[in-house]
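Peer 1: model-v3.txt is reproduced below (compact mmCIF, C-alpha atoms).
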```txt
# COMPACT_ATOMS: atom_id res chain seq x y z
CA MET L 288 1.54 46.60 -9.86
CA THR L 289 3.72 43.48 -9.44
CA ALA L 290 2.53 39.93 -9.98
CA HIS L 291 2.74 39.34 -6.23
CA SER L 292 0.47 42.23 -5.35
CA ALA L 293 -2.05 41.62 -8.09
CA THR L 294 -5.49 40.40 -7.13
CA HIS L 295 -5.36 36.60 -7.12
CA ILE L 296 -7.92 34.96 -9.38
CA ALA L 297 -7.85 31.17 -9.51
CA PRO L 298 -7.64 29.88 -13.10
CA PRO L 299 -10.41 27.54 -14.30
CA TYR L 300 -8.13 24.47 -14.11
CA ALA L 301 -7.10 25.17 -10.48
CA GLN L 302 -9.55 22.77 -8.85
CA ALA L 303 -8.62 19.89 -11.17
CA PHE L 304 -4.86 20.39 -10.67
CA ASP L 305 -5.30 20.61 -6.89
CA LEU L 306 -6.67 17.06 -6.89
CA LEU L 307 -3.50 15.69 -8.49
CA ALA L 308 -0.80 14.01 -6.42
CA THR L 309 1.95 15.24 -8.75
CA LEU L 310 3.48 18.69 -8.37
CA VAL L 311 2.15 20.97 -11.12
CA ALA L 312 2.98 24.52 -12.17
CA VAL L 313 1.60 26.49 -15.09
CA VAL L 314 4.37 28.79 -16.30
CA ARG L 315 4.47 31.61 -18.80
CA THR L 316 7.10 31.27 -21.51
CA ASP L 317 9.10 33.98 -19.73
CA GLY L 318 9.46 31.54 -16.83
CA VAL L 319 7.09 33.22 -14.35
CA VAL L 320 4.70 30.91 -12.47
CA GLN L 321 1.04 31.64 -13.14
CA PHE L 322 -0.35 28.79 -11.03
CA ALA L 323 1.03 26.30 -8.49
CA ASN L 324 -1.13 23.41 -7.28
CA ALA L 325 -1.63 22.30 -3.68
CA ALA L 326 0.82 19.39 -3.96
CA LEU L 327 3.63 21.74 -5.04
CA GLU L 328 2.73 24.13 -2.24
CA ASP L 329 2.93 21.28 0.32
CA VAL L 330 6.26 19.94 -0.89
CA MET L 331 7.89 23.36 -1.14
CA GLY L 332 6.70 24.35 2.33
CA VAL L 333 5.65 27.82 1.14
CA SER L 334 2.31 29.26 0.09
CA ARG L 335 1.29 29.23 -3.54
CA ARG L 336 1.05 33.01 -3.41
CA THR L 337 4.80 33.07 -2.82
CA ILE L 338 5.46 30.71 -5.73
CA GLU L 339 3.05 32.36 -8.14
CA GLY L 340 4.51 35.45 -9.76
CA SER L 341 8.10 34.31 -9.26
CA PRO L 342 10.39 32.63 -11.82
CA LEU L 343 10.20 28.85 -11.50
CA ALA L 344 13.88 28.54 -12.48
CA SER L 345 14.80 30.14 -9.16
CA TYR L 346 13.54 27.00 -7.38
CA PHE L 347 16.01 24.72 -9.19
CA THR L 348 19.60 24.24 -8.03
CA GLN L 349 20.65 24.34 -11.71
CA THR L 350 18.61 26.73 -13.88
CA GLU L 351 20.13 26.10 -17.32
CA ALA L 352 18.19 22.91 -18.14
CA PHE L 353 14.86 24.49 -17.22
CA ASN L 354 15.56 27.67 -19.21
CA ASN L 355 16.51 25.54 -22.23
CA ALA L 356 13.27 23.59 -21.83
CA LEU L 357 11.25 26.83 -21.79
CA GLN L 358 13.03 28.03 -24.90
CA GLY L 359 12.23 24.74 -26.63
CA ALA L 360 8.59 25.09 -25.64
CA GLN L 361 8.46 28.60 -27.11
CA THR L 362 9.81 27.41 -30.45
CA ASN L 363 7.76 24.19 -30.47
CA ALA L 364 11.02 22.26 -30.70
CA PHE L 365 9.47 19.32 -28.85
CA ALA L 366 6.10 17.92 -27.76
CA THR L 367 7.31 16.96 -24.26
CA LEU L 368 10.71 17.29 -22.61
CA ARG L 369 11.81 15.21 -19.61
CA TYR L 370 14.89 15.51 -17.43
CA ASP L 371 16.01 15.05 -13.83
CA ALA L 372 16.78 17.99 -11.54
CA HIS L 373 16.91 19.11 -7.91
CA LEU L 374 14.22 21.38 -6.46
CA ARG L 375 15.48 23.93 -3.96
CA ARG L 376 13.25 24.22 -0.86
CA PRO L 377 13.43 26.77 1.96
CA LEU L 378 14.90 25.27 5.18
CA GLN L 379 14.88 21.76 3.65
CA ASP L 380 17.18 19.57 1.61
CA ALA L 381 16.96 19.84 -2.16
CA LEU L 382 14.43 17.38 -3.58
CA PRO L 383 15.40 15.15 -6.55
CA VAL L 384 12.60 15.40 -9.13
CA HIS L 385 11.79 14.23 -12.62
CA VAL L 386 10.73 17.30 -14.63
CA ILE L 387 8.20 17.09 -17.48
CA VAL L 388 7.76 20.24 -19.57
CA ALA L 389 4.98 20.37 -22.18
CA PRO L 390 3.32 23.23 -24.08
CA THR L 391 -0.40 23.71 -23.42
CA ASP L 392 -3.18 24.62 -25.82
CA VAL L 393 -3.02 28.19 -24.50
CA MET L 394 -0.55 30.47 -26.26
CA GLY L 395 2.26 31.58 -23.98
CA GLU L 396 1.69 28.88 -21.32
CA VAL L 397 3.76 25.82 -20.44
CA LEU L 398 2.75 22.98 -18.11
CA VAL L 399 5.49 21.76 -15.76
CA GLU L 400 5.08 18.51 -13.79
CA LEU L 401 7.58 17.67 -11.06
CA LEU L 402 7.65 14.05 -9.91
CA PRO L 403 9.71 13.46 -6.75
CA LEU L 404 11.97 10.55 -7.69
CA GLU L 405 11.39 8.82 -4.36
CA GLN L 406 7.64 9.22 -4.82
CA GLN L 407 7.89 7.95 -8.39
CA THR L 408 9.75 4.83 -7.21
CA ARG L 409 7.15 4.30 -4.48
CA GLN L 410 4.26 4.77 -6.89
CA ASP L 411 5.80 2.24 -9.27
CA ARG L 412 6.14 -0.24 -6.40
CA GLU L 413 2.54 0.35 -5.28
CA GLU L 414 1.24 -0.08 -8.81
CA ARG L 415 3.10 -3.37 -9.07
CA LEU L 416 1.62 -4.51 -5.74
CA ILE L 417 -1.92 -3.61 -6.83
CA ASP L 418 -1.51 -5.25 -10.24
CA GLN L 419 0.00 -8.36 -8.65
CA ALA L 420 -2.81 -8.57 -6.11
CA GLN L 421 -5.43 -8.33 -8.85
CA ALA L 422 -3.69 -10.97 -10.96
CA ASN L 423 -3.30 -13.22 -7.91
CA LYS L 424 -6.96 -12.83 -7.05
CA GLU L 425 -8.07 -13.90 -10.53
CA LEU L 426 -5.58 -16.77 -10.59
CA ILE L 427 -6.66 -18.04 -7.17
CA ARG L 428 -10.35 -17.84 -7.95
CA ASN L 429 -9.98 -19.66 -11.27
CA LEU L 430 -7.58 -22.25 -9.90
CA ALA L 431 -9.71 -22.95 -6.83
CA HIS L 432 -12.80 -23.54 -8.97
CA GLU L 433 -10.84 -25.84 -11.30
CA ILE L 434 -9.61 -27.89 -8.31
CA LYS L 435 -12.94 -27.96 -6.47
CA ASN L 436 -14.98 -30.01 -8.96
CA PRO L 437 -12.59 -32.94 -9.55
CA LEU L 438 -11.76 -32.97 -5.83
CA GLY L 439 -15.37 -33.80 -4.98
CA GLY L 440 -15.27 -36.60 -7.54
CA ILE L 441 -12.05 -38.05 -6.11
CA ARG L 442 -13.48 -38.07 -2.58
CA GLY L 443 -16.76 -39.63 -3.71
CA ALA L 444 -14.95 -42.35 -5.68
CA ALA L 445 -12.75 -43.14 -2.66
CA GLN L 446 -15.82 -43.48 -0.44
CA LEU L 447 -17.49 -45.87 -2.91
CA LEU L 448 -14.28 -47.86 -3.22
CA GLN L 449 -14.01 -48.11 0.57
CA MET L 450 -17.48 -49.66 0.71
CA GLU L 451 -16.49 -52.33 -1.83
CA VAL L 452 -13.08 -53.46 -0.53
CA GLU L 453 -12.63 -55.85 2.37
CA SER L 454 -8.86 -55.68 2.87
CA LYS L 455 -7.94 -53.58 5.92
CA ASP L 456 -4.81 -52.31 4.14
CA LEU L 457 -6.83 -51.14 1.15
CA ILE L 458 -9.34 -49.40 3.41
CA GLU L 459 -6.46 -47.49 4.99
CA TYR L 460 -5.44 -46.32 1.50
CA THR L 461 -8.95 -45.09 0.72
CA GLN L 462 -9.05 -43.27 4.06
CA VAL L 463 -5.79 -41.50 3.14
CA ILE L 464 -7.38 -40.38 -0.14
CA ILE L 465 -10.50 -39.10 1.68
CA HIS L 466 -8.42 -37.34 4.35
CA GLU L 467 -6.18 -35.62 1.78
CA ALA L 468 -9.19 -34.65 -0.35
CA ASP L 469 -10.77 -33.04 2.73
CA ARG L 470 -7.52 -31.19 3.49
CA LEU L 471 -7.36 -29.83 -0.06
CA GLN L 472 -11.05 -28.89 0.10
CA LEU L 473 -10.33 -26.85 3.23
CA LEU L 474 -7.46 -25.08 1.45
CA VAL L 475 -9.68 -24.32 -1.56
CA ASP L 476 -12.39 -22.94 0.73
CA ARG L 477 -9.82 -20.66 2.39
CA LEU L 478 -8.61 -19.47 -1.04
CA LEU L 479 -12.18 -18.61 -2.07
CA ALA L 480 -13.25 -17.14 1.30
CA PRO L 481 -12.40 -13.46 0.63
CA HIS L 482 -14.31 -13.53 -2.68
CA ARG L 483 -17.42 -15.11 -1.17
CA ARG L 484 -17.93 -13.08 1.97
CA PRO L 485 -19.86 -9.82 1.49
CA HIS L 486 -18.20 -6.54 2.48
CA VAL L 487 -20.11 -5.45 5.63
CA VAL L 488 -19.60 -1.73 6.19
CA GLY L 489 -20.07 0.08 9.51
CA ASP L 490 -18.29 2.54 11.80
CA VAL L 491 -14.84 1.25 12.79
CA ASN L 492 -12.69 2.34 15.71
CA ILE L 493 -9.20 1.13 14.80
CA HIS L 494 -8.14 0.93 18.45
CA GLU L 495 -11.01 -1.43 19.27
CA VAL L 496 -9.72 -3.58 16.41
CA CYS L 497 -6.19 -3.47 17.87
CA GLU L 498 -7.39 -4.29 21.39
CA ARG L 499 -9.33 -7.31 20.11
CA VAL L 500 -6.25 -8.60 18.31
CA ARG L 501 -4.02 -7.87 21.29
CA SER L 502 -6.22 -9.91 23.64
CA LEU L 503 -6.35 -12.84 21.20
CA ILE L 504 -2.55 -12.92 20.75
CA LEU L 505 -1.80 -12.60 24.46
CA ALA L 506 -4.20 -15.46 25.16
CA GLU L 507 -2.21 -17.63 22.74
CA PHE L 508 1.22 -16.37 23.89
CA PRO L 509 0.73 -15.61 27.61
CA LYS L 510 4.45 -15.64 28.46
CA GLY L 511 7.54 -14.12 26.89
CA LEU L 512 5.70 -11.69 24.56
CA ARG L 513 4.89 -8.03 25.13
CA VAL L 514 2.32 -6.31 22.91
CA VAL L 515 2.90 -2.57 23.26
CA ARG L 516 0.17 -0.02 22.57
CA ASP L 517 1.28 3.23 20.91
CA TYR L 518 -1.99 4.83 19.85
CA ASP L 519 -2.94 8.25 18.55
CA THR L 520 -6.35 8.49 20.23
CA SER L 521 -7.38 11.45 18.05
CA ILE L 522 -7.86 9.16 15.03
CA PRO L 523 -11.55 9.32 14.09
CA GLU L 524 -13.84 6.40 13.35
CA PHE L 525 -14.21 5.57 9.68
CA ARG L 526 -16.48 3.44 7.52
CA GLY L 527 -15.19 -0.08 7.01
CA ASP L 528 -15.66 -3.79 7.60
CA ARG L 529 -14.69 -4.35 11.24
CA GLU L 530 -14.39 -8.14 10.98
CA GLN L 531 -12.20 -7.93 7.88
CA LEU L 532 -9.90 -5.43 9.61
CA ILE L 533 -9.68 -7.60 12.75
CA GLN L 534 -8.71 -10.55 10.53
CA THR L 535 -6.17 -8.38 8.68
CA VAL L 536 -4.40 -7.16 11.81
CA LEU L 537 -4.65 -10.59 13.45
CA ASN L 538 -3.00 -12.28 10.46
CA ILE L 539 -0.08 -9.84 10.55
CA VAL L 540 0.33 -9.93 14.34
CA HIS L 541 0.02 -13.72 14.42
CA ASN L 542 2.75 -14.03 11.77
CA ALA L 543 4.93 -11.69 13.83
CA ALA L 544 4.35 -13.71 17.01
CA GLN L 545 5.28 -16.95 15.27
CA ALA L 546 8.43 -15.34 13.82
CA LEU L 547 9.36 -14.34 17.40
CA ALA L 548 9.35 -17.95 18.68
CA ASP L 549 13.01 -17.85 19.80
CA ARG L 550 12.61 -14.48 21.51
CA VAL L 551 9.41 -15.68 23.21
CA LEU L 552 11.47 -18.48 24.78
CA GLU L 553 14.05 -15.91 25.89
CA GLY L 554 11.29 -13.67 27.26
CA ASP L 555 12.12 -10.51 25.29
CA ALA L 556 9.75 -10.76 22.31
CA GLU L 557 7.92 -7.51 21.51
CA ILE L 558 5.23 -6.41 19.08
CA VAL L 559 4.26 -2.73 18.85
CA LEU L 560 0.83 -1.62 17.59
CA ARG L 561 1.29 2.00 16.53
CA SER L 562 -1.47 4.17 15.05
CA ARG L 563 -0.86 7.54 13.42
CA ILE L 564 -2.53 9.98 11.04
CA SER L 565 -0.70 10.83 7.81
CA ARG L 566 -1.49 14.02 5.94
CA GLN L 567 -1.37 14.65 2.21
CA VAL L 568 -0.30 11.12 1.34
CA THR L 569 -0.29 9.41 -2.04
CA PHE L 570 -0.88 5.73 -2.65
CA GLY L 571 -2.71 3.71 -5.22
CA LYS L 572 -2.25 6.61 -7.73
CA GLN L 573 -4.42 8.87 -5.56
CA ARG L 574 -3.70 11.66 -3.14
CA TYR L 575 -5.51 11.74 0.19
CA ARG L 576 -5.82 14.57 2.67
CA LEU L 577 -5.79 12.16 5.62
CA ALA L 578 -4.94 8.49 6.00
CA LEU L 579 -4.69 6.01 8.84
CA GLU L 580 -1.22 4.53 9.34
CA LEU L 581 -1.28 1.40 11.46
CA HIS L 582 2.11 -0.16 12.11
CA VAL L 583 2.75 -3.68 13.39
CA ILE L 584 6.40 -3.72 14.43
CA ASP L 585 8.26 -6.72 15.83
CA ASN L 586 11.82 -7.34 17.01
CA GLY L 587 12.13 -10.70 15.28
CA PRO L 588 14.72 -12.03 12.81
CA GLY L 589 13.25 -10.24 9.79
CA ILE L 590 11.75 -11.61 6.58
CA PRO L 591 13.93 -14.02 4.57
CA GLN L 592 15.53 -12.19 1.64
CA ASP L 593 14.35 -14.74 -0.92
CA ILE L 594 10.63 -14.08 -0.27
CA LYS L 595 10.66 -10.30 0.34
CA ASP L 596 9.46 -9.48 -3.17
CA ARG L 597 6.78 -12.22 -3.05
CA LEU L 598 5.57 -11.61 0.47
CA PHE L 599 1.92 -10.98 -0.44
CA PHE L 600 1.72 -13.73 -3.05
CA PRO L 601 -0.60 -16.63 -2.16
CA LEU L 602 0.99 -19.83 -0.86
CA VAL L 603 4.31 -18.06 -0.06
CA SER L 604 5.40 -18.61 3.54
CA GLY L 605 8.58 -17.97 5.46
CA ARG L 606 8.08 -20.85 7.90
CA ASP L 607 7.59 -24.58 7.71
CA GLY L 608 3.95 -25.58 7.80
CA GLY L 609 2.66 -22.10 6.93
CA SER L 610 -0.19 -21.89 4.43
CA GLY L 611 1.05 -18.65 2.88
CA LEU L 612 -2.49 -17.25 2.81
CA GLY L 613 -2.49 -14.88 5.80
CA LEU L 614 -0.72 -11.89 4.24
CA ASN L 615 -2.40 -12.36 0.87
CA LEU L 616 -5.79 -12.31 2.59
CA ALA L 617 -4.78 -9.25 4.65
CA GLN L 618 -3.74 -7.35 1.51
CA THR L 619 -7.03 -8.30 -0.19
CA PHE L 620 -9.09 -7.00 2.75
CA VAL L 621 -7.13 -3.73 2.99
CA GLN L 622 -7.46 -3.12 -0.76
CA GLN L 623 -11.23 -3.51 -0.34
CA HIS L 624 -10.89 -0.46 1.97
CA HIS L 625 -9.00 1.39 -0.85
CA GLY L 626 -5.80 0.96 1.16
CA LEU L 627 -2.47 -0.79 0.94
CA ILE L 628 -0.08 -2.78 3.14
CA GLU L 629 3.66 -2.12 2.89
CA CYS L 630 6.51 -3.90 4.63
CA ASP L 631 9.99 -2.82 5.65
CA SER L 632 12.13 -5.53 7.23
CA VAL L 633 15.70 -5.87 8.48
CA PRO L 634 17.05 -8.35 11.04
CA GLY L 635 15.76 -7.22 14.44
CA ARG L 636 12.93 -5.06 13.12
CA THR L 637 10.02 -5.79 10.79
CA ASP L 638 7.40 -3.08 10.19
CA PHE L 639 4.12 -3.83 8.42
CA LYS L 640 2.33 -0.55 7.63
CA ILE L 641 -1.40 -0.57 6.87
CA LEU L 642 -2.57 2.57 5.02
CA ILE L 643 -6.30 3.32 4.79
CA PRO L 644 -7.81 6.64 3.60
CA LEU L 645 -9.79 8.62 6.19
CA PRO L 646 -12.75 10.88 5.40
```
Using structure tokens, write down the structure that the file contains.
Peer 2:
Amino acid sequence: MTAHSATHIAPPYAQAFDLLATLVAVVRTDGVVQFANAALEDVMGVSRRTIEGSPLASYFTQTEAFNNALQGAQTNAFATLRYDAHLRRPLQDALPVHVIVAPTDVMGEVLVELLPLEQQTRQDREERLIDQAQANKELIRNLAHEIKNPLGGIRGAAQLLQMEVESKDLIEYTQVIIHEADRLQLLVDRLLAPHRRPHVVGDVNIHEVCERVRSLILAEFPKGLRVVRDYDTSIPEFRGDREQLIQTVLNIVHNAAQALADRVLEGDAEIVLRSRISRQVTFGKQRYRLALELHVIDNGPGIPQDIKDRLFFPLVSGRDGGSGLGLNLAQTFVQQHHGLIECDSVPGRTDFKILIPLP
């Protein structure tokens, strides 16, 4: 009886490996695959029953490196071996992967992890975004509290001083101090807002969110701007904070509309709201069966090169007079929904993609 025709019994680790986003195969030291996880099955485009029982080397464009790795695992020549290779896939281009080969605790078994290099780069970028957002959040909260207390004292002192002085010129100076203190207080309140407001969870229809934002933007820009709907109406409702998501989408769309100022004057400004479902996606170190993809696409000049890497940092803005809080707040709200915002921008097309896991 061949390995392919043998009765298939899932190994005890199958369920755990199927939850992983990385491609995993358990291989005998003779090179035959004993187990392939769901992620490997998806990427290869063939069933795991086809992969299991066949030599894993046959799926590489160059087999020598993998065979050498297996030989090293047999002789305990290394604890873990890493190298780059190309994975051959039926009816698809070869996939560049980072291969990690490590012996297991079970005699005669080797664990092989395959990390798509594009996915690895994306995961690294997402991890940086998440870490930056967390660091920014702590910095903002601490800084805002440090500013808030002395600010109240400055304003109070200016008010007392104003009551004592008689010179009109000096009163104008105290009024400037009070006005600027109030402006800074407003900024501090906006910095602290996302940390103060409770997360109110309910059923959310993403297209109702989009329609609310669309009506608000068209009321502000009634001429010269088209807001195009491109919805996948099969997207189900999900649990989330509706008001936070409206604010998120509004911040992104409002930024896009302001970036389109020249095109609005010419009458050919366009923003597209596009909703889609993504399947078997990985972000934030986790793999999700389904995720909402909401794109906000504009035909504006693109994001200035010097701020692309700092786009979601607080107080970073691409236009004069901008507070630089809109995108930072949007990223904070989406992360509270276990999601992520990504941006791809070139002159003539900027695409903000909101990713949120679906049940």
Peer 1: Quick one: of L:Gln545, L:Gln622, L:Ser562, L:Thr316, who's nearest to Asp517 (chain L), counting only C-alpha atoms?
Peer 2: L:Ser562
Peer 1: Give me, as a ChimeraX atom specification, all polymer residues having an atom no more than 10 Å from region 319-334 of chain L, counting all atoms listed in the file and skipping those fewer than 2 positions away in the same chain.
Peer 2: /L:290,296-298,300-317,336-346,374-379,381-382,396-403,567-568,574
Peer 1: Create the file for the chosen residues now, containing C-alpha atoms and written as a short mmCIF file (atom, residue, chain, number, x, y, z; two decimals), in the frame of the given file.
Peer 2:
```
data_model
loop_
_atom_site.label_atom_id
_atom_site.label_comp_id
_atom_site.auth_asym_id
_atom_site.auth_seq_id
_atom_site.Cartn_x
_atom_site.Cartn_y
_atom_site.Cartn_z
CA ALA L 290 2.53 39.93 -9.98
CA ILE L 296 -7.92 34.96 -9.38
CA ALA L 297 -7.85 31.17 -9.51
CA PRO L 298 -7.64 29.88 -13.10
CA TYR L 300 -8.13 24.47 -14.11
CA ALA L 301 -7.10 25.17 -10.48
CA GLN L 302 -9.55 22.77 -8.85
CA ALA L 303 -8.62 19.89 -11.17
CA PHE L 304 -4.86 20.39 -10.67
CA ASP L 305 -5.30 20.61 -6.89
CA LEU L 306 -6.67 17.06 -6.89
CA LEU L 307 -3.50 15.69 -8.49
CA ALA L 308 -0.80 14.01 -6.42
CA THR L 309 1.95 15.24 -8.75
CA LEU L 310 3.48 18.69 -8.37
CA VAL L 311 2.15 20.97 -11.12
CA ALA L 312 2.98 24.52 -12.17
CA VAL L 313 1.60 26.49 -15.09
CA VAL L 314 4.37 28.79 -16.30
CA ARG L 315 4.47 31.61 -18.80
CA THR L 316 7.10 31.27 -21.51
CA ASP L 317 9.10 33.98 -19.73
CA ARG L 336 1.05 33.01 -3.41
CA THR L 337 4.80 33.07 -2.82
CA ILE L 338 5.46 30.71 -5.73
CA GLU L 339 3.05 32.36 -8.14
CA GLY L 340 4.51 35.45 -9.76
CA SER L 341 8.10 34.31 -9.26
CA PRO L 342 10.39 32.63 -11.82
CA LEU L 343 10.20 28.85 -11.50
CA ALA L 344 13.88 28.54 -12.48
CA SER L 345 14.80 30.14 -9.16
CA TYR L 346 13.54 27.00 -7.38
CA LEU L 374 14.22 21.38 -6.46
CA ARG L 375 15.48 23.93 -3.96
CA ARG L 376 13.25 24.22 -0.86
CA PRO L 377 13.43 26.77 1.96
CA LEU L 378 14.90 25.27 5.18
CA GLN L 379 14.88 21.76 3.65
CA ALA L 381 16.96 19.84 -2.16
CA LEU L 382 14.43 17.38 -3.58
CA GLU L 396 1.69 28.88 -21.32
CA VAL L 397 3.76 25.82 -20.44
CA LEU L 398 2.75 22.98 -18.11
CA VAL L 399 5.49 21.76 -15.76
CA GLU L 400 5.08 18.51 -13.79
CA LEU L 401 7.58 17.67 -11.06
CA LEU L 402 7.65 14.05 -9.91
CA PRO L 403 9.71 13.46 -6.75
CA GLN L 567 -1.37 14.65 2.21
CA VAL L 568 -0.30 11.12 1.34
CA ARG L 574 -3.70 11.66 -3.14
#
```
Peer 1: Residues near Leu471 (chain L), anyone? I mean within 9 Å using only C-alpha atoms, not counting same-chain ones fewer than 6 positions away, as a list in words.
Peer 2: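 So the residues in contact are Ile434, Lys435 and Leu438 of chain L.
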Peer 1: Using Å and a single decimal, report how far CA of Gly613 (chain L) sits from CA of Gly439 (chain L).
Peer 2: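 Straight-line distance from CA of Gly439 (chain L) to CA of Gly613 (chain L) works out to 25.3 Å.
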Peer 1: Within 9 Å of Val621 (chain L), counting all atoms listed in the file, which residues qualify if same-chain residues fewer than 6 places away don't, as a list in words?
Peer 2: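 Result of the neighbour search: Gln531, Leu532, Thr535, Leu627, Ile628, Ile641, Leu642 and Ile643 of chain L.
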Peer 1: Kindly give the distance, in Å, that separates CA of Asn354 (chain L) and CA of Val384 (chain L), rounded to a single decimal.
Peer 2: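 We find that CA of Asn354 (chain L) and CA of Val384 (chain L) lie 16.2 Å from each other.
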Peer 1: Please identify all polymer residues within 9 Å of His494 (chain L), counting all atoms listed in the file, omitting same-chain residues fewer than 2 positions from it, and present them as a list in words.
Peer 2: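 Everything that qualifies: Val491, Asn492, Val496, Cys497, Glu498, Arg499, Tyr518, Asp519, Thr520, Ile522 and Ser562 of chain L.
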Peer 1: So the first atom is CA of Glu580 (chain L) and the second is CA of Arg563 (chain L); what is the distance between them in Å, to one decimal place?
Peer 2: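 Computed distance, CA of Glu580 (chain L) to CA of Arg563 (chain L), equals 5.1 Å.
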Peer 1: Which residues are close to Asp631 (chain L), i.e. within 10 Å by all atoms listed in the file, leaving aside same-chain residues fewer than 5 positions away? Reply as a ChimeraX atom specification.
Peer 2: /L:584,589-590,595,636-640
